[in-house]
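Chemist: Sharing protein-v2.txt below, compact mmCIF, C-alpha atoms and all ligand atoms:
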# COMPACT_ATOMS: atom_id res chain seq x y z
CA MET A 21 189.26 65.50 87.32
CA PRO A 22 188.97 66.77 83.72
CA ARG A 23 185.56 67.82 82.49
CA ALA A 24 183.78 65.23 80.37
CA PHE A 25 182.23 66.01 77.01
CA ASN A 26 178.58 66.08 78.04
CA PHE A 27 176.02 65.32 75.33
CA SER A 28 172.97 65.85 77.57
CA ALA A 29 169.83 67.12 75.82
CA GLY A 30 169.00 69.57 78.59
CA PRO A 31 169.98 70.68 81.11
CA ALA A 32 172.99 70.65 78.84
CA THR A 33 176.66 71.47 78.87
CA LEU A 34 177.52 75.13 79.47
CA PRO A 35 180.55 76.98 78.12
CA GLU A 36 183.46 76.39 80.48
CA PRO A 37 184.51 80.08 80.53
CA VAL A 38 180.98 80.95 81.71
CA LEU A 39 181.13 78.45 84.54
CA ARG A 40 184.56 79.74 85.55
CA GLN A 41 183.39 83.35 85.55
CA ALA A 42 180.36 82.41 87.64
CA GLN A 43 182.69 80.58 90.02
CA GLU A 44 184.95 83.60 90.33
CA GLU A 45 182.04 85.95 90.94
CA MET A 46 180.15 83.59 93.22
CA LEU A 47 181.10 85.11 96.58
CA ASP A 48 181.66 88.69 95.52
CA TRP A 49 180.01 90.04 92.39
CA HIS A 50 181.92 93.04 91.00
CA GLY A 51 183.17 94.13 94.42
CA VAL A 52 179.71 94.45 95.96
CA GLY A 53 180.61 92.04 98.76
CA ALA A 54 177.77 89.63 97.94
CA SER A 55 176.83 87.19 95.24
CA ILE A 56 174.51 88.49 92.52
CA VAL A 57 172.12 85.77 93.64
CA GLU A 58 171.94 87.35 97.11
CA LEU A 59 170.94 90.81 95.92
CA SER A 60 167.47 92.24 95.35
CA HIS A 61 166.15 91.81 91.86
CA ARG A 62 165.05 95.45 92.04
CA GLY A 63 168.45 96.75 93.06
CA PRO A 64 170.69 98.56 90.57
CA GLU A 65 173.08 95.60 90.32
CA PHE A 66 170.59 93.02 89.17
CA MET A 67 168.55 95.51 87.12
CA GLY A 68 171.79 96.19 85.24
CA VAL A 69 172.39 92.47 84.70
CA ALA A 70 168.85 92.04 83.38
CA ALA A 71 169.04 95.01 81.03
CA GLU A 72 172.38 93.85 79.64
CA ALA A 73 171.04 90.33 79.13
CA GLU A 74 168.16 91.67 77.07
CA ALA A 75 170.40 94.00 75.04
CA ASP A 76 172.89 91.19 74.37
CA LEU A 77 170.18 88.72 73.37
CA ARG A 78 168.66 91.29 71.00
CA LYS A 79 172.06 91.84 69.40
CA LEU A 80 172.90 88.12 69.30
CA ILE A 81 169.81 86.90 67.49
CA GLY A 82 168.75 90.14 65.79
CA VAL A 83 165.48 90.92 67.56
CA PRO A 84 163.68 93.71 65.64
CA ASP A 85 162.57 96.82 67.62
CA ASP A 86 158.90 96.04 67.20
CA TYR A 87 159.39 92.80 69.14
CA ALA A 88 159.32 92.53 72.93
CA VAL A 89 161.55 90.18 74.92
CA LEU A 90 160.33 88.49 78.10
CA PHE A 91 162.34 86.39 80.54
CA THR A 92 159.84 84.05 82.12
CA GLN A 93 159.50 81.14 84.50
CA GLY A 94 157.63 77.88 84.02
CA GLY A 95 159.81 76.52 81.23
CA ALA A 96 158.86 76.12 77.61
CA THR A 97 155.87 74.01 78.63
CA ALA A 98 154.23 76.90 80.48
CA GLN A 99 154.67 79.12 77.41
CA GLN A 100 152.96 76.42 75.34
CA ALA A 101 149.84 76.98 77.46
CA LEU A 102 150.21 80.74 77.86
CA ILE A 103 150.35 81.49 74.14
CA ALA A 104 146.75 80.33 73.83
CA LEU A 105 145.59 82.28 76.89
CA ASN A 106 147.25 85.45 75.64
CA PHE A 107 146.57 85.33 71.93
CA ALA A 108 143.47 83.22 71.18
CA ASP A 109 139.83 83.78 71.99
CA PRO A 110 138.17 80.99 73.99
CA GLY A 111 137.56 78.09 71.59
CA GLN A 112 139.16 79.85 68.62
CA PRO A 113 140.98 77.52 66.19
CA ALA A 114 144.75 77.24 66.54
CA ASP A 115 146.73 75.18 64.02
CA TYR A 116 149.52 72.84 65.06
CA VAL A 117 152.08 71.15 62.84
CA ILE A 118 153.39 68.12 64.70
CA SER A 119 156.84 66.86 63.78
CA GLY A 120 157.75 65.12 67.03
CA HIS A 121 157.20 64.69 70.75
CA TRP A 122 157.29 68.38 71.67
CA GLY A 123 154.69 69.36 69.11
CA LYS A 124 152.43 66.86 70.84
CA THR A 125 153.05 68.38 74.27
CA ALA A 126 152.39 71.82 72.80
CA ILE A 127 148.95 70.87 71.53
CA LYS A 128 148.11 69.07 74.77
CA GLN A 129 148.76 72.23 76.77
CA VAL A 130 146.23 74.32 74.85
CA LYS A 131 143.36 71.85 74.58
CA PRO A 132 141.43 73.43 77.49
CA TYR A 133 141.57 76.84 75.84
CA VAL A 134 141.32 76.64 72.07
CA ASP A 135 140.06 74.49 69.24
CA ALA A 136 143.47 72.88 68.77
CA ARG A 137 143.74 71.48 65.27
CA ILE A 138 146.42 69.27 63.80
CA ALA A 139 147.22 70.98 60.51
CA ALA A 140 149.73 68.28 59.64
CA SER A 141 151.61 65.51 61.42
CA SER A 142 154.44 63.13 60.60
CA GLU A 143 153.52 60.75 63.43
CA SER A 144 152.50 57.99 61.02
CA ASP A 145 156.08 57.78 59.75
CA GLY A 146 157.54 57.83 63.26
CA PHE A 147 158.42 61.54 63.07
CA ARG A 148 161.22 60.96 60.60
CA THR A 149 160.11 63.79 58.29
CA ILE A 150 158.39 67.17 58.33
CA PRO A 151 155.05 67.13 56.53
CA ASP A 152 155.32 68.83 53.18
CA ARG A 153 153.96 72.39 53.41
CA ALA A 154 151.57 71.70 50.50
CA THR A 155 149.77 69.10 52.64
CA TRP A 156 149.05 71.35 55.65
CA THR A 157 145.40 72.08 56.34
CA LEU A 158 145.32 75.58 57.80
CA SER A 159 142.18 77.16 59.27
CA ASP A 160 140.94 80.51 57.90
CA ASP A 161 140.35 81.90 61.37
CA ALA A 162 143.32 80.42 63.27
CA ALA A 163 144.70 82.53 66.11
CA TYR A 164 148.16 81.31 65.11
CA VAL A 165 150.04 78.44 63.51
CA HIS A 166 152.45 76.59 65.81
CA ILE A 167 155.55 74.64 64.82
CA THR A 168 158.46 73.13 66.73
CA ALA A 169 161.58 74.45 65.03
CA ASN A 170 163.72 71.57 66.29
CA GLU A 171 162.37 68.36 67.79
CA THR A 172 164.85 67.54 70.54
CA ILE A 173 163.91 63.86 70.91
CA HIS A 174 163.25 62.84 67.32
CA GLY A 175 166.10 64.93 65.87
CA VAL A 176 164.00 66.60 63.18
CA GLU A 177 164.51 70.26 62.33
CA PHE A 178 162.78 72.76 60.06
CA ARG A 179 165.42 74.03 57.64
CA ASP A 180 163.18 76.84 56.27
CA THR A 181 160.61 79.11 57.81
CA PRO A 182 157.26 78.05 56.38
CA ASP A 183 154.93 80.63 54.89
CA VAL A 184 151.61 80.19 56.69
CA GLY A 185 149.61 83.09 55.28
CA ALA A 186 147.68 85.52 57.44
CA ALA A 187 147.88 83.86 60.86
CA PRO A 188 151.06 84.61 62.80
CA LEU A 189 153.61 81.82 63.02
CA PHE A 190 154.51 80.78 66.58
CA ALA A 191 157.53 78.54 67.07
CA ASP A 192 159.09 76.55 69.87
CA PHE A 193 162.81 77.21 69.46
CA SER A 194 163.83 75.60 72.75
CA SER A 195 166.56 73.42 71.29
CA SER A 196 167.81 75.51 68.38
CA ILE A 197 167.57 79.19 69.32
CA ALA A 198 170.81 81.06 68.54
CA SER A 199 172.24 78.09 66.65
CA GLU A 200 172.10 79.95 63.32
CA PRO A 201 170.74 83.28 62.04
CA ILE A 202 166.96 83.40 61.68
CA ASP A 203 164.66 86.13 60.41
CA ILE A 204 162.54 86.81 63.49
CA SER A 205 160.25 89.11 61.51
CA LYS A 206 158.79 86.01 59.85
CA TYR A 207 157.42 84.89 63.22
CA GLY A 208 154.73 86.33 65.43
CA LEU A 209 156.31 84.76 68.49
CA ILE A 210 159.15 82.44 69.38
CA TYR A 211 159.87 80.90 72.76
CA ALA A 212 162.61 78.77 74.23
CA GLY A 213 163.52 77.18 77.53
CA ALA A 214 167.10 78.28 78.22
CA GLN A 215 168.54 74.94 79.28
CA LYS A 216 169.87 73.86 75.88
CA ASN A 217 171.42 76.72 73.95
CA LEU A 218 171.00 79.72 76.22
CA GLY A 219 172.03 78.79 79.73
CA PRO A 220 170.64 76.99 82.76
CA VAL A 221 167.19 75.55 83.32
CA GLY A 222 164.74 77.75 85.25
CA ILE A 223 164.27 80.58 82.79
CA SER A 224 162.76 80.89 79.32
CA VAL A 225 162.70 83.61 76.73
CA VAL A 226 159.63 84.72 74.79
CA ILE A 227 160.10 87.05 71.85
CA LEU A 228 156.88 88.43 70.44
CA ARG A 229 155.65 91.01 67.97
CA ARG A 230 154.29 93.86 70.07
CA ASP A 231 151.09 94.36 68.10
CA LEU A 232 149.93 90.87 69.14
CA LEU A 233 149.62 92.18 72.70
CA GLU A 234 146.56 94.13 71.58
CA ARG A 235 144.67 90.87 71.36
CA ALA A 236 142.30 90.28 74.27
CA GLY A 237 143.07 86.59 74.71
CA GLN A 238 141.26 84.81 77.53
CA PRO A 239 140.59 85.45 81.21
CA ARG A 240 143.87 84.88 83.01
CA ALA A 241 145.67 85.90 86.17
CA ASP A 242 148.01 88.85 85.90
CA ILE A 243 151.02 86.60 86.39
CA PHE A 244 150.09 84.70 83.20
CA ASP A 245 149.58 87.88 81.19
CA TYR A 246 152.42 88.71 78.80
CA ARG A 247 151.27 92.35 78.65
CA SER A 248 151.61 92.68 82.41
CA GLN A 249 154.92 90.83 82.35
CA LEU A 250 156.24 93.25 79.76
CA LYS A 251 155.06 96.25 81.77
CA GLY A 252 156.60 94.74 84.88
CA GLU A 253 159.93 94.08 83.08
CA SER A 254 159.51 90.31 83.59
CA MET A 255 159.55 90.93 87.34
CA LEU A 256 155.93 90.70 88.44
CA ASN A 257 157.22 88.36 91.08
CA THR A 258 160.74 87.45 92.17
CA PRO A 259 162.48 86.25 89.02
CA PRO A 260 165.10 83.46 88.90
CA THR A 261 167.98 85.88 89.18
CA TRP A 262 170.76 83.28 89.16
CA ASN A 263 169.47 81.71 85.95
CA TRP A 264 168.99 85.10 84.33
CA TYR A 265 172.53 86.15 85.27
CA LEU A 266 174.01 82.89 83.92
CA ALA A 267 172.05 83.17 80.67
CA GLY A 268 173.41 86.72 80.36
CA LEU A 269 176.96 85.38 80.65
CA VAL A 270 176.20 82.80 77.94
CA PHE A 271 174.92 85.58 75.63
CA LYS A 272 178.16 87.52 76.14
CA TRP A 273 180.21 84.38 75.49
CA MET A 274 178.33 83.68 72.24
CA LEU A 275 178.83 87.27 71.05
CA ALA A 276 182.55 87.11 71.87
CA GLU A 277 182.90 83.83 69.97
CA GLY A 278 181.56 85.43 66.79
CA GLY A 279 177.78 85.34 67.19
CA VAL A 280 175.20 83.12 65.57
CA GLU A 281 176.89 83.17 62.16
CA GLU A 282 179.96 81.55 63.68
CA PHE A 283 177.87 79.02 65.63
CA ALA A 284 175.98 78.15 62.45
CA ARG A 285 179.30 77.22 60.81
CA ARG A 286 180.45 75.19 63.81
CA ASN A 287 177.09 73.45 64.17
CA ALA A 288 177.03 72.53 60.48
CA ARG A 289 180.51 70.97 60.78
CA LYS A 290 179.72 69.15 64.04
CA SER A 291 176.47 67.61 62.84
CA ALA A 292 177.90 66.71 59.41
CA LEU A 293 180.74 64.84 61.12
CA LEU A 294 178.40 62.75 63.28
CA TYR A 295 175.98 61.96 60.44
CA SER A 296 178.90 60.94 58.22
CA VAL A 297 180.14 58.49 60.87
CA ILE A 298 176.63 57.06 61.20
CA ASP A 299 175.94 56.86 57.47
CA GLY A 300 179.39 55.48 56.73
CA SER A 301 179.15 52.69 59.30
CA GLY A 302 177.67 50.09 56.96
CA GLY A 303 174.54 49.81 59.11
CA PHE A 304 176.37 49.42 62.44
CA TYR A 305 174.85 52.78 63.44
CA ARG A 306 171.70 54.21 61.95
CA ASN A 307 169.72 57.45 61.95
CA GLU A 308 166.40 57.19 60.17
CA VAL A 309 165.49 60.86 59.83
CA GLY A 310 165.11 62.21 56.29
CA PRO A 311 168.49 63.79 55.42
CA ALA A 312 166.94 67.15 54.48
CA VAL A 313 165.42 67.64 57.95
CA ARG A 314 168.05 66.08 60.19
CA SER A 315 168.66 68.17 63.29
CA ARG A 316 171.96 69.99 63.69
CA MET A 317 171.44 70.02 67.46
CA ASN A 318 170.26 66.56 68.47
CA VAL A 319 171.54 63.47 66.70
CA PRO A 320 169.61 60.36 67.70
CA PHE A 321 171.09 57.08 66.52
CA PHE A 322 170.69 53.36 67.07
CA LEU A 323 173.20 50.53 67.18
CA HIS A 324 172.40 47.61 64.88
CA ASP A 325 172.26 45.30 67.91
CA GLU A 326 170.50 46.58 71.05
CA ALA A 327 172.67 44.27 73.16
CA LEU A 328 175.54 46.64 72.39
CA ASP A 329 173.79 49.67 73.92
CA LYS A 330 175.04 49.07 77.45
CA PRO A 331 178.69 48.41 76.50
CA PHE A 332 178.56 51.46 74.20
CA LEU A 333 177.39 53.74 77.02
CA LYS A 334 179.84 52.26 79.53
CA GLN A 335 182.86 52.54 77.26
CA ALA A 336 181.84 56.03 76.13
CA SER A 337 181.58 57.16 79.71
CA GLU A 338 185.02 55.68 80.47
CA ALA A 339 186.32 57.71 77.52
CA GLY A 340 184.88 60.91 79.03
CA LEU A 341 181.81 61.06 76.77
CA ILE A 342 178.69 61.20 78.92
CA SER A 343 174.88 61.52 78.70
CA LEU A 344 174.54 59.70 75.37
CA LYS A 345 171.56 57.53 76.32
CA GLY A 346 168.58 58.21 74.05
CA HIS A 347 165.25 59.51 75.34
CA ARG A 348 163.08 56.75 76.79
CA ALA A 349 160.44 57.40 74.09
CA LEU A 350 162.87 56.29 71.37
CA GLY A 351 165.64 54.28 73.02
CA GLY A 352 169.05 54.03 71.39
CA MET A 353 171.48 56.94 71.69
CA ARG A 354 171.31 60.67 71.30
CA ALA A 355 174.14 63.16 71.04
CA SER A 356 173.02 66.72 71.78
CA ILE A 357 175.57 69.10 70.33
CA TYR A 358 174.41 72.61 71.19
CA ASN A 359 176.54 75.74 70.82
CA ALA A 360 178.49 75.04 74.00
CA MET A 361 179.67 71.61 72.77
CA PRO A 362 183.13 72.22 71.31
CA GLU A 363 184.12 70.72 67.99
CA GLU A 364 186.77 68.65 69.74
CA GLY A 365 184.00 67.00 71.79
CA VAL A 366 182.19 65.91 68.64
CA GLN A 367 185.49 64.76 67.11
CA ALA A 368 186.15 62.69 70.25
CA LEU A 369 182.71 61.11 69.96
CA ALA A 370 183.20 60.40 66.24
CA ASP A 371 186.56 58.75 66.96
CA PHE A 372 185.04 56.72 69.78
CA MET A 373 182.14 55.55 67.60
CA GLN A 374 184.53 54.41 64.88
CA GLY A 375 186.72 52.59 67.39
CA PHE A 376 183.71 50.92 69.00
CA ARG A 377 182.50 49.71 65.62
CA LYS A 378 185.91 48.19 64.88
CA ARG A 379 185.92 46.42 68.23
CA HIS A 380 182.33 45.15 68.01
CA GLY A 381 181.45 45.12 64.30
C1 LIG B 1 161.59 71.51 71.86
C2 LIG B 1 161.20 71.48 73.32
N1 LIG B 1 160.06 72.08 73.71
C3 LIG B 1 159.67 72.08 75.00
C4 LIG B 1 160.41 71.45 75.98
C5 LIG B 1 159.95 71.48 77.40
O1 LIG B 1 160.73 72.41 78.06
P1 LIG B 1 160.59 72.71 79.62
O2 LIG B 1 161.08 71.49 80.32
O3 LIG B 1 161.47 73.91 79.81
O4 LIG B 1 159.17 72.99 79.92
C6 LIG B 1 161.60 70.81 75.63
C7 LIG B 1 162.41 70.14 76.67
O5 LIG B 1 163.30 69.37 76.45
C8 LIG B 1 162.00 70.82 74.26
O6 LIG B 1 163.12 70.20 73.87
As structure tokens, how would this structure be written, given the file I've shared?

Modeler:
Amino acid sequence: MPRAFNFSAGPATLPEPVLRQAQEEMLDWHGVGASIVELSHRGPEFMGVAAEAEADLRKLIGVPDDYAVLFTQGGATAQQALIALNFADPGQPADYVISGHWGKTAIKQVKPYVDARIAASSESDGFRTIPDRATWTLSDDAAYVHITANETIHGVEFRDTPDVGAAPLFADFSSSIASEPIDISKYGLIYAGAQKNLGPVGISVVILRRDLLERAGQPRADIFDYRSQLKGESMLNTPPTWNWYLAGLVFKWMLAEGGVEEFARRNARKSALLYSVIDGSGGFYRNEVGPAVRSRMNVPFFLHDEALDKPFLKQASEAGLISLKGHRALGGMRASIYNAMPEEGVQALADFMQGFRKRHG
């Protein structure tokens, strides 16, 4: 059976060459006589895999030397809580800019630990915009300012890095990391669950400016301490070796394909194609996000008649286009088109959408 084009928001499609390599190496990794997932994380084989993954990620997204890289468990949601424990004093203000669902989860996670303040929010307009920087109310003594670089559900993406003054900028890059070049030195910390652009679910990356580790933070167990994790090479306990290994293969694949500059070009073309089909459909399809902040990674859209949702999904699936159902918070459809989604997959979806409109318009 041929592989479908899978538009899932995460866990998401992985590059086929990566899956094939993992398949080939599954029973016998590099002649060791065992799978990498069966070997000790402290053995030379896996330690080599881990070191290469970090070196490749640094090269791929341009991590400066004064930044540390952690490979952690607990998903992006755990990092949302841990950033407060590691970098804010108990009850210290922390400013949050909310441009969608995940900004809301981020602030929820830190409420027990900090004075979580909403510096700006676009909730009143249904998260179809990003609040203008001039309207943000930032605290003088904030531990950090938090943004969500790309809102996976609402399809809203920051297109510039905001200047937030003295407090370090922390950003959730779960659904857009490595999709285009970014200047990491403008951030104090970025984090991302891997299951969209970096690999499989079960591992996250945290990239942080080393000097922030001098902050005392709040009482926390060693396992939740980024300083200890860094000292312990992200192996304070048994790490998710399979996920780490697979993410490492994805990093190598992205580098071989031309790196983030090349993916930025592909992602611009892919998203422009889908938005042009939606905008050119005479209202048959609609996306209500402000054009300047439309996501290049997640394209939510609605059909003009909800009764067509089911036939759309059924016919799409029959055409080999799967996982297009929108998040339950919004309804409608969503096409997630991360780095591993080939341009031909997006072209196939665009062709299908135009054909469906002709049949049902
Ligand atoms: C932007 C963003 N942040 C956070 C999360 C939560 O990630 P996790 O499930 O890894 O905790 C998601 C998941 O979809 C996301 O898209």

Chemist: Extract, using only C-alpha atoms, all DNA, RNA and protein residues at most 9 Å from range 102-105 of chain A, discarding same-chain residues fewer than 5 positions from it, and format them as a PyMOL selection string.

Modeler: chain A and resi 97+110+114+129-130+133-134+163-164+190+209+237-240+244-246

Chemist: Could you tell me how far CA of Asp329 in chain A sits from CA of Lys345 in chain A, in Å to one decimal place?

Modeler: 8.5 Å

Chemist: Using only C-alpha atoms and all ligand atoms, which residues of the polymer chains come no farther than 6 Å from ligand LIG 1 (chain B)? I'd like the answer as a list in words.

Modeler: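 I would give the residues around ligand LIG 1 (chain B) as Gly95, Ala96, Thr97, Trp122, Asn170, Glu171, Thr172, Asp192, Ser194, Ser195 and Gly213 of chain A.
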
Chemist: For Asp371 in chain A, which residue out of A:Ser315, A:Ser343, A:His324, A:Leu294 is the nearest one, using all atoms listed in the file?

Modeler: A:Leu294

Chemist: Leaving out Val297 in chain A and any residue of its chain fewer than 4 positions from it, which residues lie within 8 Å of it when counting only C-alpha atoms, given as JSON, numbers by chain?

Modeler: {"A": [293, 301, 370, 373, 374]}

Chemist: Okay, now the selection with C-alpha atoms, as an mmCIF file, keeping the file's coordinate frame?

Modeler:
data_model
loop_
_atom_site.group_PDB
_atom_site.id
_atom_site.type_symbol
_atom_site.label_atom_id
_atom_site.label_comp_id
_atom_site.auth_asym_id
_atom_site.auth_seq_id
_atom_site.Cartn_x
_atom_site.Cartn_y
_atom_site.Cartn_z
ATOM 1 C CA LEU A 293 180.740 64.840 61.120
ATOM 2 C CA SER A 301 179.150 52.690 59.300
ATOM 3 C CA ALA A 370 183.200 60.400 66.240
ATOM 4 C CA MET A 373 182.140 55.550 67.600
ATOM 5 C CA GLN A 374 184.530 54.410 64.880
#

Chemist: For a quick check of understanding, using all atoms listed in the file, which of A:Val319, A:Ala108, A:Ala276, A:Val57 has the smallest distance to Ser296 in chain A?

Modeler: A:Val319

Chemist: Point out the residue among A:Leu77, A:Ala360, A:Ala139, A:Val52 with the least atom-to-atom distance to Phe283 in chain A, counting all atoms listed in the file.

Modeler: A:Ala360

Chemist: Could you check how far CA of Thr33 in chain A sits from CA of Leu275 in chain A, in Å to one decimal?

Modeler: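 Spanning CA of Thr33 in chain A to CA of Leu275 in chain A is a straight-line distance of 17.8 Å.
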
Chemist: Report as a tab-separated table the residues of range 254-308 of chain A within 7 Å of range 217-236 of chain A, each with its shortest atom pair and distance in Å (one decimal), using all atoms listed in the file, ordered by chain and increasing residue number.

Modeler:
residue	atom	partner	partner_atom	distance
A:Pro260	CA	A:Gly222	CA	6.8
A:Asn263	CA	A:Pro220	CA	5.8
A:Trp264	CA	A:Ile223	CA	6.7
A:Leu266	CA	A:Gly219	CA	6.2
A:Ala267	CA	A:Gly219	CA	4.5
A:Val270	CA	A:Gly219	CA	6.1

Chemist: Tell me, in Å to one decimal, how far CA of Leu344 in chain A is from CA of Asn26 in chain A.

Modeler: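 Taking CA of Leu344 in chain A as the start and CA of Asn26 in chain A as the end point, the length is 8.0 Å.
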
Chemist: Pull the neighbourhood of (153.6, 83.0, 91.0) for me: all residues within 12 Å in file coordinates, counting all atoms listed in the file, as a ChimeraX atom specification.

Modeler: /A:92-94,241-245,249,254-260

Chemist: Set the distance at 12 Å and use all atoms listed in the file: which residues neighbour Lys334 in chain A once local chain neighbours fewer than 3 positions away are removed? I'd like the list as a list of chain:residue names.

Modeler: A:Leu328, A:Asp329, A:Lys330, A:Pro331, A:Ser337, A:Glu338, A:Ala339, A:Gly340, A:Leu341, A:Ile342, A:Ser343, A:Leu344, A:Lys345, A:Phe372, A:Phe376

Chemist: Pick from A:Ser55, A:Gln367, A:Gln112, A:Thr157: nearest to Ala136 in chain A, with all atoms listed in the file counted?

Modeler: A:Gln112

Chemist: Residues proximal to (172.2, 87.7, 85.2) were defined as those with any atom within 8 Å of that point in the file's coordinates, counting all atoms listed in the file. Which are they, as a list in words?

Modeler: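 Residues found, by chain and rising number: Ile56, Phe66, Val69, Ala70, Ala73, Thr261, Trp262, Asn263, Trp264, Tyr265, Leu266, Ala267, Gly268 and Leu269 of chain A.
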
Chemist: In terms of the shortest atom-to-atom distance over only C-alpha atoms, which of A:Tyr358, A:Phe271, A:Phe193, A:Tyr116 is closest to Ala288 in chain A?

Modeler: A:Tyr358

Chemist: Give the centre and edge lengths of an axis-aligned box, in Å to one decimal, that holds all listed atoms of range 147-157 of chain A with 8 Å on each side, as JSON.

Modeler:
{"center_x": 153.3, "center_y": 66.7, "center_z": 56.8, "size_x": 31.8, "size_y": 27.4, "size_z": 28.6}

Chemist: Which residue is closest to Ile202 in chain A? Choose from A:Asp152, A:Asp299, A:Glu45, A:Glu281 and count only C-alpha atoms.

Modeler: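 So, comparing all the options, the nearest one is A:Glu281.
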
Chemist: Skipping near chain neighbours, those fewer than 3 positions away, what residues fall within 10 Å of Trp156 in chain A using only C-alpha atoms, listed as number ranges by chain?

Modeler: A: 115-117, 138-141, 151-153, 159, 184

Chemist: Show me, as a CSV table (one decimal) with C-alpha atoms, keeping the file's coordinate frame, the residues that have an atom within 8 Å of Ile204 in chain A when counting only C-alpha atoms, minus same-chain residues fewer than 3 positions from it.

Modeler:
chain,number,residue,atom,x,y,z
A,82,GLY,CA,168.8,90.1,65.8
A,83,VAL,CA,165.5,90.9,67.6
A,84,PRO,CA,163.7,93.7,65.6
A,207,TYR,CA,157.4,84.9,63.2
